[in-house]
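Structure data (TSV, C-alpha atoms) from query01.tsv:
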```
chain	number	residue	atom	x	y	z
O	1	MET	CA	153.81	128.99	115.12
O	2	VAL	CA	154.19	128.58	111.35
O	3	THR	CA	151.49	126.64	109.54
O	4	ASN	CA	151.62	125.29	106.01
O	5	ALA	CA	148.28	126.72	104.90
O	6	PRO	CA	147.24	125.74	101.39
O	7	PRO	CA	147.46	128.54	98.82
O	8	PRO	CA	144.21	130.36	98.05
O	9	PHE	CA	142.06	129.26	95.14
O	10	LEU	CA	143.08	130.84	91.85
O	11	LEU	CA	139.50	131.03	90.57
O	12	THR	CA	136.18	132.18	91.92
O	13	PRO	CA	133.15	129.93	91.25
O	14	ALA	CA	132.18	132.15	88.30
O	15	GLN	CA	135.69	132.02	86.88
O	16	GLY	CA	135.69	128.26	87.35
O	17	GLU	CA	132.51	128.10	85.29
O	18	ALA	CA	134.25	130.17	82.61
O	19	ALA	CA	137.19	127.73	82.62
O	20	ARG	CA	134.80	124.82	82.13
O	21	ARG	CA	133.11	126.66	79.28
O	22	LEU	CA	136.49	127.13	77.61
O	23	LEU	CA	137.31	123.43	77.93
O	24	THR	CA	133.88	122.39	76.68
O	25	TYR	CA	134.37	124.63	73.65
O	26	VAL	CA	137.75	123.08	72.86
O	27	ALA	CA	136.44	119.55	73.42
O	28	SER	CA	133.75	120.23	70.79
O	29	LEU	CA	136.33	121.03	68.09
O	30	PRO	CA	137.20	118.43	65.42
O	31	PRO	CA	140.97	118.03	66.01
O	32	ALA	CA	141.75	114.76	67.73
O	33	GLY	CA	144.83	114.27	69.84
O	34	ALA	CA	146.13	115.85	73.01
O	35	ASP	CA	148.74	118.02	71.24
O	36	ALA	CA	146.17	119.84	69.09
O	37	GLN	CA	143.64	120.14	71.92
O	38	LEU	CA	146.20	121.48	74.38
O	39	LEU	CA	147.32	124.07	71.85
O	40	ALA	CA	143.69	124.95	71.12
O	41	VAL	CA	143.03	125.60	74.84
O	42	VAL	CA	145.89	128.11	75.05
O	43	VAL	CA	145.02	129.86	71.78
O	44	ALA	CA	141.28	129.98	72.53
O	45	ILE	CA	141.64	131.60	75.96
O	46	ARG	CA	143.98	134.21	74.52
O	47	ALA	CA	141.54	134.89	71.68
O	48	ALA	CA	138.44	134.75	73.85
O	49	ARG	CA	137.65	138.47	73.81
O	50	SER	CA	138.66	139.67	70.34
O	51	GLY	CA	138.98	136.52	68.28
O	52	VAL	CA	142.76	137.03	67.99
O	53	GLY	CA	145.26	135.40	70.34
O	54	ASN	CA	149.00	136.06	70.47
O	55	LEU	CA	151.44	133.19	70.85
O	56	THR	CA	155.24	133.12	70.71
O	57	GLY	CA	157.52	130.32	69.66
O	58	GLN	CA	158.67	130.20	73.26
O	59	ASP	CA	155.05	129.72	74.41
O	60	LEU	CA	154.71	126.88	71.94
O	61	ARG	CA	157.85	125.16	73.19
O	62	SER	CA	156.73	125.55	76.81
O	63	LEU	CA	153.69	123.40	76.01
O	64	ARG	CA	156.10	120.47	75.48
O	65	LEU	CA	154.00	119.04	72.68
O	66	THR	CA	154.99	115.71	71.18
O	67	ASP	CA	154.34	117.00	67.65
O	68	ALA	CA	154.13	120.79	67.61
O	69	GLU	CA	154.08	120.98	63.82
O	70	GLY	CA	151.20	118.51	63.64
O	71	ALA	CA	149.30	120.46	66.29
O	72	LEU	CA	149.72	123.71	64.34
O	73	THR	CA	148.48	121.98	61.20
O	74	ALA	CA	145.46	120.62	63.04
O	75	VAL	CA	144.38	124.03	64.33
O	76	ALA	CA	145.08	125.59	60.94
O	77	ASP	CA	142.66	123.05	59.46
O	78	LEU	CA	140.02	124.64	61.70
O	79	GLY	CA	140.58	127.95	59.92
O	80	TRP	CA	142.66	129.36	62.78
O	81	GLN	CA	145.09	131.52	60.85
O	82	ALA	CA	148.58	132.20	62.25
O	83	GLN	CA	150.00	135.50	60.99
O	84	GLY	CA	153.62	134.35	61.23
O	85	ASP	CA	156.03	131.46	61.72
O	86	LEU	CA	155.83	129.97	65.20
O	87	LEU	CA	158.29	127.18	64.46
O	88	GLY	CA	161.08	128.90	62.57
O	89	GLY	CA	160.66	132.56	63.48
O	90	ASP	CA	161.97	134.64	66.39
O	91	PRO	CA	160.83	132.70	69.49
O	92	ALA	CA	160.19	135.95	71.39
O	93	THR	CA	158.06	137.64	68.73
O	94	PRO	CA	154.29	137.30	69.28
O	95	VAL	CA	152.39	135.77	66.39
O	96	ALA	CA	148.70	136.64	66.07
O	97	ILE	CA	146.34	133.72	65.51
O	98	LEU	CA	142.88	134.54	64.20
O	99	VAL	CA	140.08	132.34	65.56
O	100	PRO	CA	137.07	133.14	63.31
O	101	ASP	CA	134.36	131.64	65.51
O	102	LEU	CA	135.46	133.75	68.50
O	103	THR	CA	135.16	137.10	66.75
O	104	ASP	CA	132.48	139.66	67.51
O	105	GLU	CA	130.48	138.69	64.45
O	106	THR	CA	129.65	135.19	65.75
O	107	ASP	CA	127.48	133.82	68.55
O	108	ARG	CA	130.13	131.29	69.66
O	109	ARG	CA	132.38	133.89	71.23
O	110	LEU	CA	133.40	133.01	74.77
O	111	PRO	CA	131.64	135.73	76.81
O	112	PHE	CA	134.59	136.70	78.98
O	113	GLY	CA	135.36	140.17	80.25
O	114	LYS	CA	138.94	141.40	80.57
O	115	LEU	CA	139.40	140.21	84.16
O	116	MET	CA	137.66	136.88	83.55
O	117	ARG	CA	139.82	136.14	80.52
O	118	SER	CA	142.98	137.12	82.39
O	119	ARG	CA	142.16	134.95	85.42
O	120	VAL	CA	141.28	131.89	83.36
O	121	SER	CA	144.39	132.35	81.22
O	122	GLY	CA	146.56	132.59	84.32
O	123	TRP	CA	144.88	129.52	85.81
O	124	THR	CA	145.53	127.59	82.59
O	125	THR	CA	149.23	128.43	82.70
O	126	ARG	CA	149.53	127.57	86.40
O	127	ALA	CA	147.69	124.27	85.95
O	128	LEU	CA	149.85	123.20	83.01
O	129	THR	CA	153.06	124.03	84.88
O	130	ALA	CA	152.05	122.59	88.26
O	131	LYS	CA	154.93	120.54	89.63
O	132	PRO	CA	153.19	117.13	89.47
O	133	VAL	CA	152.41	117.49	85.75
O	134	LYS	CA	155.03	119.91	84.47
O	135	LYS	CA	156.92	117.09	82.75
O	136	ALA	CA	153.92	114.84	82.14
O	137	SER	CA	152.62	113.92	78.71
O	138	PRO	CA	150.41	116.39	76.81
O	139	ALA	CA	147.47	114.04	77.34
O	140	ALA	CA	148.03	114.01	81.11
O	141	ARG	CA	148.29	117.81	81.25
O	142	LEU	CA	145.15	118.15	79.16
O	143	ALA	CA	143.36	115.81	81.58
O	144	ALA	CA	144.74	117.81	84.52
O	145	LEU	CA	143.02	120.93	83.18
O	146	PHE	CA	139.67	119.18	82.90
O	147	LEU	CA	139.88	117.51	86.30
O	148	ALA	CA	141.01	120.65	88.10
O	149	ALA	CA	138.22	122.69	86.49
O	150	HIS	CA	135.57	120.15	87.46
O	151	SER	CA	136.69	119.59	91.05
O	152	SER	CA	134.78	120.86	94.09
O	153	PRO	CA	136.21	123.09	96.84
O	154	ASP	CA	137.16	119.94	98.79
O	155	ARG	CA	139.13	118.69	95.75
O	156	GLN	CA	136.67	115.96	94.78
O	157	GLY	CA	135.09	115.50	91.39
O	158	VAL	CA	133.38	113.27	88.87
O	159	LEU	CA	135.02	112.73	85.50
O	160	PRO	CA	133.38	115.16	83.04
O	161	ASP	CA	131.56	113.67	80.08
O	162	ASP	CA	133.51	115.82	77.61
O	163	LEU	CA	136.95	114.75	78.86
O	164	PRO	CA	138.84	113.90	75.62
O	165	GLU	CA	139.68	110.25	75.08
O	166	ASP	CA	143.44	110.87	75.13
O	167	GLY	CA	143.05	112.60	78.48
O	168	ARG	CA	140.91	109.77	79.82
O	169	ALA	CA	143.59	107.26	78.86
O	170	ALA	CA	146.21	109.33	80.70
O	171	LEU	CA	144.39	109.36	84.06
O	172	PRO	CA	146.64	106.68	85.64
O	173	GLU	CA	149.60	108.95	84.86
O	174	LEU	CA	148.01	111.73	86.92
O	175	LEU	CA	147.71	109.32	89.83
O	176	THR	CA	151.33	108.21	89.46
O	177	LYS	CA	152.61	111.78	89.16
O	178	GLY	CA	150.78	112.81	92.34
O	179	PHE	CA	148.30	115.22	90.73
O	180	LEU	CA	145.53	112.93	92.01
O	181	THR	CA	145.37	111.08	95.30
O	182	GLU	CA	142.28	109.04	94.45
O	183	LEU	CA	140.90	107.65	91.20
O	184	ASP	CA	138.02	105.19	91.32
O	185	ASP	CA	135.86	104.56	88.26
O	186	SER	CA	134.33	107.97	87.59
O	187	ARG	CA	135.40	109.75	90.77
O	188	TYR	CA	138.68	111.38	91.69
O	189	ARG	CA	140.34	113.64	94.24
O	190	LEU	CA	143.03	116.25	93.58
O	191	ALA	CA	146.18	116.19	95.67
O	192	GLU	CA	146.31	118.86	98.36
O	193	THR	CA	149.31	120.49	96.66
O	194	VAL	CA	147.17	121.32	93.60
O	195	GLY	CA	143.88	121.93	95.42
O	196	HIS	CA	144.21	125.67	94.75
O	197	LEU	CA	143.66	124.90	91.05
O	198	SER	CA	140.09	123.73	91.75
O	199	GLY	CA	137.38	125.25	89.59
O	200	LEU	CA	135.12	125.18	92.70
O	201	TYR	CA	132.57	123.14	90.80
O	202	LEU	CA	129.49	122.17	92.75
O	203	SER	CA	127.82	119.16	91.18
O	204	PRO	CA	124.08	118.76	91.84
O	205	GLU	CA	124.90	116.04	94.38
O	206	TYR	CA	127.54	118.16	96.11
O	207	GLN	CA	125.29	121.22	96.10
O	208	ALA	CA	122.42	119.21	97.61
O	209	ALA	CA	124.67	117.88	100.35
O	210	ALA	CA	126.07	121.36	101.07
O	211	ASP	CA	122.57	122.83	101.19
O	212	LEU	CA	121.44	120.12	103.60
O	213	LEU	CA	124.36	120.82	105.95
O	214	ARG	CA	123.65	124.56	105.83
O	215	TRP	CA	119.96	123.90	106.55
O	216	LYS	CA	120.79	121.73	109.56
O	217	ALA	CA	123.12	124.40	110.91
O	218	TRP	CA	120.43	127.06	110.43
O	219	LYS	CA	117.88	125.01	112.39
O	220	GLU	CA	120.35	124.39	115.21
O	221	GLU	CA	120.76	128.14	115.64
O	222	ALA	CA	117.01	128.85	115.52
O	223	SER	CA	114.94	129.37	118.67
O	224	ALA	CA	112.98	126.43	120.06
O	225	ALA	CA	109.67	127.97	118.97
O	226	LEU	CA	110.88	128.63	115.44
O	227	ARG	CA	112.36	125.15	115.20
O	228	ARG	CA	109.00	123.61	116.21
O	229	HIS	CA	107.30	125.63	113.48
O	230	VAL	CA	109.91	124.57	110.90
O	231	GLU	CA	109.45	120.91	111.81
O	232	ALA	CA	105.67	121.25	111.57
O	233	VAL	CA	106.07	122.40	107.96
O	234	GLU	CA	108.84	119.94	107.11
O	235	GLN	CA	106.96	116.97	108.51
O	236	CYS	CA	103.46	117.95	107.34
O	237	PRO	CA	102.08	114.94	105.42
O	238	LEU	CA	99.33	117.04	103.84
O	239	CYS	CA	101.68	119.63	102.34
O	240	ASP	CA	104.56	117.26	101.52
O	241	VAL	CA	106.82	120.18	100.62
O	242	PRO	CA	110.34	119.09	99.54
O	243	THR	CA	112.99	119.81	102.16
O	244	GLU	CA	114.95	122.02	99.79
O	245	ARG	CA	111.87	124.18	99.18
O	246	VAL	CA	111.24	124.53	102.93
O	247	ALA	CA	114.89	125.43	103.53
O	248	GLU	CA	114.87	128.00	100.74
O	249	ALA	CA	111.73	129.66	102.09
O	250	PHE	CA	113.02	129.95	105.66
O	251	MET	CA	116.62	130.93	104.90
O	252	ALA	CA	115.88	133.43	102.14
O	253	LYS	CA	116.53	137.04	103.04
O	254	PRO	CA	113.32	139.09	102.89
O	255	VAL	CA	113.19	141.37	99.86
O	256	PRO	CA	110.83	144.37	99.88
O	257	PRO	CA	108.16	143.85	97.21
O	258	PRO	CA	108.52	146.21	94.24
O	259	PHE	CA	105.91	148.86	93.53
O	260	LEU	CA	104.14	147.84	90.33
O	261	SER	CA	101.36	150.11	89.14
O	262	TRP	CA	99.74	147.39	87.05
O	263	VAL	CA	99.39	145.21	90.17
O	264	ARG	CA	97.46	147.91	92.03
O	265	THR	CA	95.21	148.41	89.00
O	266	ALA	CA	94.62	144.68	88.66
O	267	TYR	CA	93.91	144.39	92.38
O	268	GLY	CA	91.30	147.14	92.16
O	269	GLU	CA	89.48	145.18	89.45
O	270	TRP	CA	89.90	141.86	91.27
O	271	LYS	CA	88.62	142.99	94.66
O	272	ASN	CA	85.35	144.30	93.18
O	273	SER	CA	84.48	140.75	92.13
O	274	HIS	CA	85.49	139.28	95.50
O	275	PRO	CA	83.58	141.22	98.16
O	276	ASP	CA	83.85	138.35	100.66
O	277	ARG	CA	87.63	137.95	100.24
O	278	GLY	CA	88.46	138.83	103.86
O	279	PRO	CA	86.12	136.41	105.67
O	280	ARG	CA	86.85	133.63	103.16
O	281	ALA	CA	90.59	133.99	103.57
O	282	ALA	CA	90.33	134.06	107.37
O	283	ARG	CA	88.14	130.94	107.48
O	284	PHE	CA	90.46	129.09	105.15
O	285	ALA	CA	93.54	130.05	107.20
O	286	ALA	CA	91.87	128.89	110.43
O	287	ASN	CA	90.79	125.55	108.94
O	288	PHE	CA	94.18	125.03	107.29
O	289	ARG	CA	96.01	125.65	110.55
O	290	ALA	CA	93.73	123.21	112.41
O	291	GLU	CA	94.40	120.47	109.84
O	292	HIS	CA	98.10	121.04	109.16
O	293	GLY	CA	99.47	122.35	112.42
O	294	HIS	CA	100.85	125.45	110.68
O	295	GLY	CA	99.52	128.27	108.55
O	296	PRO	CA	99.26	128.27	104.75
O	297	SER	CA	101.69	129.97	102.43
O	298	GLY	CA	100.34	132.78	100.28
O	299	LYS	CA	100.15	130.41	97.33
O	300	GLN	CA	98.35	127.73	99.34
O	301	LEU	CA	95.87	130.31	100.60
O	302	CYS	CA	95.00	131.67	97.16
O	303	GLU	CA	94.75	128.23	95.60
O	304	GLY	CA	92.67	126.97	98.52
O	305	VAL	CA	89.99	129.67	98.12
O	306	GLY	CA	90.01	129.49	94.34
O	307	TRP	CA	92.25	132.50	93.56
O	308	GLY	CA	95.19	130.51	92.26
O	309	ASP	CA	94.91	131.60	88.63
O	310	GLN	CA	96.43	135.01	89.37
O	311	PRO	CA	99.94	136.18	88.41
O	312	SER	CA	102.31	135.70	91.33
O	313	GLU	CA	102.77	139.47	91.76
O	314	LEU	CA	99.02	140.00	92.09
O	315	ARG	CA	98.65	136.99	94.39
O	316	SER	CA	101.33	138.42	96.67
O	317	PHE	CA	99.61	141.80	96.71
O	318	ILE	CA	96.25	140.19	97.58
O	319	VAL	CA	97.80	138.55	100.63
O	320	ARG	CA	99.51	141.78	101.64
O	321	ARG	CA	96.18	143.65	101.52
O	322	LEU	CA	94.44	140.95	103.54
O	323	VAL	CA	97.14	141.33	106.19
O	324	ALA	CA	97.03	145.14	106.02
O	325	ASN	CA	93.24	145.06	106.47
O	326	GLU	CA	93.72	142.65	109.40
O	327	TRP	CA	91.69	139.80	107.97
O	328	LEU	CA	94.92	137.86	108.24
O	329	THR	CA	98.04	138.21	110.33
O	330	SER	CA	101.44	136.56	110.12
O	331	THR	CA	104.78	136.39	111.83
O	332	ALA	CA	106.59	138.02	108.92
O	333	PRO	CA	109.00	137.27	107.43
O	334	VAL	CA	108.65	133.69	108.72
O	335	PRO	CA	106.79	131.65	106.07
O	336	TRP	CA	103.72	129.47	106.65
O	337	THR	CA	102.46	131.65	109.53
O	338	LEU	CA	99.23	133.11	108.07
O	339	ARG	CA	96.27	132.96	110.46
O	340	PRO	CA	93.02	134.90	111.07
O	341	GLY	CA	93.59	138.52	112.00
O	342	ARG	CA	91.88	141.00	114.28
O	343	ALA	CA	89.14	141.92	111.78
O	344	ALA	CA	88.15	138.27	111.46
O	345	ARG	CA	88.09	137.79	115.23
O	346	ALA	CA	86.08	140.98	115.70
O	347	GLY	CA	83.62	139.86	113.06
O	348	ALA	CA	83.19	136.52	114.77
O	349	SER	CA	82.38	138.25	118.08
O	350	GLY	CA	79.93	140.67	116.48
O	351	ALA	CA	82.14	143.76	116.80
O	352	ALA	CA	82.75	146.03	113.85
O	353	PRO	CA	85.90	145.21	111.90
O	354	THR	CA	88.71	147.74	111.87
O	355	VAL	CA	89.04	150.18	109.00
O	356	THR	CA	92.33	151.05	107.35
O	357	ARG	CA	93.55	154.55	106.71
O	358	ALA	CA	91.73	156.60	104.12
O	359	GLY	CA	92.78	156.04	100.56
O	360	ALA	CA	94.41	152.62	101.10
O	361	PRO	CA	93.10	149.86	98.80
O	362	ARG	CA	91.25	147.36	100.99
```

Would you mind writing the file out in structure tokens?
Amino acid sequence: MVTNAPPPFLLTPAQGEAARRLLTYVASLPPAGADAQLLAVVVAIRAARSGVGNLTGQDLRSLRLTDAEGALTAVADLGWQAQGDLLGGDPATPVAILVPDLTDETDRRLPFGKLMRSRVSGWTTRALTAKPVKKASPAARLAALFLAAHSSPDRQGVLPDDLPEDGRAALPELLTKGFLTELDDSRYRLAETVGHLSGLYLSPEYQAAADLLRWKAWKEEASAALRRHVEAVEQCPLCDVPTERVAEAFMAKPVPPPFLSWVRTAYGEWKNSHPDRGPRAARFAANFRAEHGHGPSGKQLCEGVGWGDQPSELRSFIVRRLVANEWLTSTAPVPWTLRPGRAARAGASGAAPTVTRAGAPR
């Protein structure tokens, strides 16, 4: 069975971000008018790495500018210096155009590697020659670049603030030509036939919605016991931790803590001034669990017993030592599971607390 699967995206999310950076750069330039801005997009991406972009007369004609001579004059007024005649010379001969503010000596250079520049350049060409806009006005094709770059993986987007005015005025043309299927105030949707041009942009609203769906799916796959623990943290009125913070803590992949010599040195100094650290931490964890229905995080523990003014690396090491010395225990790597450990329980019953191996910092 043959299926008409949509073509794959031309850009990765990082390359989409690079495309948006290119367009933002061009939108910040003085030349007004779609012809000059469209030409500037093509020249800038070709000059992104070295500050020099090559253009042929044939390239210029393929842009189908209303006033090519005026566009060349406008970019020349920026100090972009063409080293040849693009209008009257050999149409197949490349002409170098120097873009001073994209050279190595400036801090405005578009930070693109070879592959990034090539992919964004290819995307630009494909977007400008897409069937729905191939014969559209320069303003409509300029707008098509901006809208494609700022659309999400599901082809939806919000009109970018830096969309040039000429492009904004040409939006109805994109709807008529079939580049867009929806256009309502500030929102739009790309047609399925050009969805592969999406810059895979995730707006804060889209990202939040995607994160929420991923979080719900994660909880559905969790065991019943883990889900009860998650809900105890999520719904705890005393902690009031934002949902996104809870989701991040539970879904994050555990990373082994780095060995930092300064942390061990600092811990040695800290523990000498806190001889009762084990019993205090255990009591706090027990009381916290009784009040909240779940254990404290490492940060909540340290802040609760008055140790919250420590660097995060040292705070993490303090908790690790309390667990290693069995004053605390946890269901690692599940967060919010700290509770009194065996040493604390033994101390409460009058038995001698356990001792760690020789040489380990307690």

How many Å lie between CA of Thr56 (chain O) and CA of Leu102 (chain O), rounded to one decimal?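 CA of Leu102 (chain O) lies 19.9 Å from CA of Thr56 (chain O).
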
List as a CSV table (one decimal) with C-alpha atoms, in the coordinates of the input the protein and nucleic acid residues near region 207-214 of chain O, meaning an atom at most 9 Å away when only C-alpha atoms are counted, but skip any in the same chain fewer than 3 places from it.
```
chain,number,residue,atom,x,y,z
O,202,LEU,CA,129.5,122.2,92.8
O,203,SER,CA,127.8,119.2,91.2
O,204,PRO,CA,124.1,118.8,91.8
O,217,ALA,CA,123.1,124.4,110.9
O,218,TRP,CA,120.4,127.1,110.4
O,219,LYS,CA,117.9,125.0,112.4
O,243,THR,CA,113.0,119.8,102.2
O,244,GLU,CA,115.0,122.0,99.8
O,247,ALA,CA,114.9,125.4,103.5
```

Ranking O:Ser198, O:Asn287, O:Gln58, O:Thr331 by minimum distance to Gln15 (chain O) and counting only C-alpha atoms, which one comes first?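 Between O:Ser198, O:Asn287, O:Gln58, O:Thr331, the residue approaching Gln15 (chain O) most closely is O:Ser198.
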
List as a PyMOL selection string the protein and nucleic acid residues near region 145-152 of chain O, meaning an atom at most 9 Å away when all atoms listed in the file are counted, but skip any in the same chain fewer than 2 places from it. chain O and resi 16-17+19-20+23+124+127-128+140-143+154-160+162-163+167+188-190+194-203+206

Write to file, as a PDB file, keeping the file's coordinate frame, the residues of the selection just made, with C-alpha atoms.
```pdb
ATOM      1  CA  GLY O  16     135.690 128.260  87.350  1.00  0.00           C
ATOM      2  CA  GLU O  17     132.510 128.100  85.290  1.00  0.00           C
ATOM      3  CA  ALA O  19     137.190 127.730  82.620  1.00  0.00           C
ATOM      4  CA  ARG O  20     134.800 124.820  82.130  1.00  0.00           C
ATOM      5  CA  LEU O  23     137.310 123.430  77.930  1.00  0.00           C
ATOM      6  CA  THR O 124     145.530 127.590  82.590  1.00  0.00           C
ATOM      7  CA  ALA O 127     147.690 124.270  85.950  1.00  0.00           C
ATOM      8  CA  LEU O 128     149.850 123.200  83.010  1.00  0.00           C
ATOM      9  CA  ALA O 140     148.030 114.010  81.110  1.00  0.00           C
ATOM     10  CA  ARG O 141     148.290 117.810  81.250  1.00  0.00           C
ATOM     11  CA  LEU O 142     145.150 118.150  79.160  1.00  0.00           C
ATOM     12  CA  ALA O 143     143.360 115.810  81.580  1.00  0.00           C
ATOM     13  CA  ASP O 154     137.160 119.940  98.790  1.00  0.00           C
ATOM     14  CA  ARG O 155     139.130 118.690  95.750  1.00  0.00           C
ATOM     15  CA  GLN O 156     136.670 115.960  94.780  1.00  0.00           C
ATOM     16  CA  GLY O 157     135.090 115.500  91.390  1.00  0.00           C
ATOM     17  CA  VAL O 158     133.380 113.270  88.870  1.00  0.00           C
ATOM     18  CA  LEU O 159     135.020 112.730  85.500  1.00  0.00           C
ATOM     19  CA  PRO O 160     133.380 115.160  83.040  1.00  0.00           C
ATOM     20  CA  ASP O 162     133.510 115.820  77.610  1.00  0.00           C
ATOM     21  CA  LEU O 163     136.950 114.750  78.860  1.00  0.00           C
ATOM     22  CA  GLY O 167     143.050 112.600  78.480  1.00  0.00           C
ATOM     23  CA  TYR O 188     138.680 111.380  91.690  1.00  0.00           C
ATOM     24  CA  ARG O 189     140.340 113.640  94.240  1.00  0.00           C
ATOM     25  CA  LEU O 190     143.030 116.250  93.580  1.00  0.00           C
ATOM     26  CA  VAL O 194     147.170 121.320  93.600  1.00  0.00           C
ATOM     27  CA  GLY O 195     143.880 121.930  95.420  1.00  0.00           C
ATOM     28  CA  HIS O 196     144.210 125.670  94.750  1.00  0.00           C
ATOM     29  CA  LEU O 197     143.660 124.900  91.050  1.00  0.00           C
ATOM     30  CA  SER O 198     140.090 123.730  91.750  1.00  0.00           C
ATOM     31  CA  GLY O 199     137.380 125.250  89.590  1.00  0.00           C
ATOM     32  CA  LEU O 200     135.120 125.180  92.700  1.00  0.00           C
ATOM     33  CA  TYR O 201     132.570 123.140  90.800  1.00  0.00           C
ATOM     34  CA  LEU O 202     129.490 122.170  92.750  1.00  0.00           C
ATOM     35  CA  SER O 203     127.820 119.160  91.180  1.00  0.00           C
ATOM     36  CA  TYR O 206     127.540 118.160  96.110  1.00  0.00           C
TER      37      TYR O 206
END
```

Identify, on the basis of all atoms listed in the file, every residue whose closest approach to Asp85 (chain O) does not exceed 12 Å; exclude the query and any residue fewer than 2 positions from it along the same chain; express the result as a list in words. Leu55, Thr56, Gly57, Gln58, Leu60, Glu69, Leu72, Gln81, Ala82, Gln83, Leu87, Gly88, Gly89, Asp90, Pro91, Ala92, Thr93, Pro94, Val95, Ala96 and Ile97 of chain O

Spatial neighbours of Arg264 (chain O), 9 Å, all atoms listed in the file, chain gap at least 4 places, as number ranges by chain: O: 259-260, 268-269, 314, 317, 361

For a test of reading the model, state the distance in Å between CA of Gly306 (chain O) and CA of Ser261 (chain O), rounded to one decimal.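 Result for CA of Gly306 (chain O) versus CA of Ser261 (chain O): 24.1 Å, one decimal.
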
Around the point (94.8, 134.2, 91.2) in the file's coordinates, collect all residues with an atom within 12 Å, using all atoms listed in the file, and return them as a list in words. Val263, Ala266, Tyr267, Trp270, Lys271, His274, Gly298, Lys299, Gln300, Leu301, Cys302, Glu303, Gly304, Val305, Gly306, Trp307, Gly308, Asp309, Gln310, Pro311, Ser312, Glu313, Leu314, Arg315, Ser316, Phe317, Ile318 and Val319 of chain O

Skip region 230-234 of chain O itself and residues of its chain fewer than 5 positions away, then list as a ChimeraX atom specification all residues within 9 Å of it, counting all atoms listed in the file. /O:219,225,239-243,246-247,250,292-295,336

Take the residues that were just selected and, keeping C-alpha atoms, output them as a compact mmCIF listing (two decimals), keeping the file's coordinate frame.
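What follows is the written file result-v8.txt:
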```txt
# COMPACT_ATOMS: atom_id res chain seq x y z
CA LYS O 219 117.88 125.01 112.39
CA ALA O 225 109.67 127.97 118.97
CA CYS O 239 101.68 119.63 102.34
CA ASP O 240 104.56 117.26 101.52
CA VAL O 241 106.82 120.18 100.62
CA PRO O 242 110.34 119.09 99.54
CA THR O 243 112.99 119.81 102.16
CA VAL O 246 111.24 124.53 102.93
CA ALA O 247 114.89 125.43 103.53
CA PHE O 250 113.02 129.95 105.66
CA HIS O 292 98.10 121.04 109.16
CA GLY O 293 99.47 122.35 112.42
CA HIS O 294 100.85 125.45 110.68
CA GLY O 295 99.52 128.27 108.55
CA TRP O 336 103.72 129.47 106.65
```

Kindly compute an axis-aligned box around the listed atoms of region 231-242 of chain O, allowing 8 Å on each side, and express its centre and edge lengths in Å to one decimal as JSON.
```
{"center_x": 104.8, "center_y": 118.7, "center_z": 105.7, "size_x": 27.0, "size_y": 23.5, "size_z": 28.3}
```

Using all atoms listed in the file, pick whichever of O:Ala224, O:Leu22, O:Val334, O:Val255 has the shortest atom-to-atom distance to Ser121 (chain O).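 Selected residue with least distance to Ser121 (chain O): O:Leu22.
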
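Taking only C-alpha atoms into account, Leu63 (chain O) lies nearest to O:Ala139 out of the set O:Val120, O:Ala139, O:Ala281, O:Ala47.
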
Name the closest residue to Val42 (chain O) among the candidates O:Thr66, O:Asn325, O:Thr24, O:Thr125; distances are taken between atoms, counting only C-alpha atoms. O:Thr125

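CA of Arg117 (chain O) is positioned 19.2 Å from CA of Trp80 (chain O).
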
Which is closest to Gly113 (chain O) among O:Arg321, O:Arg49, O:Arg280, O:His229, if we use only C-alpha atoms?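 Counting only C-alpha atoms, the residue closest to Gly113 (chain O) is O:Arg49.
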
Pick the closest to Ala14 (chain O) from O:Leu115, O:Pro258, O:Val323, O:Lys216: which is it, counting only C-alpha atoms?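 Comparing O:Leu115, O:Pro258, O:Val323, O:Lys216 against Ala14 (chain O), the winner is O:Leu115.
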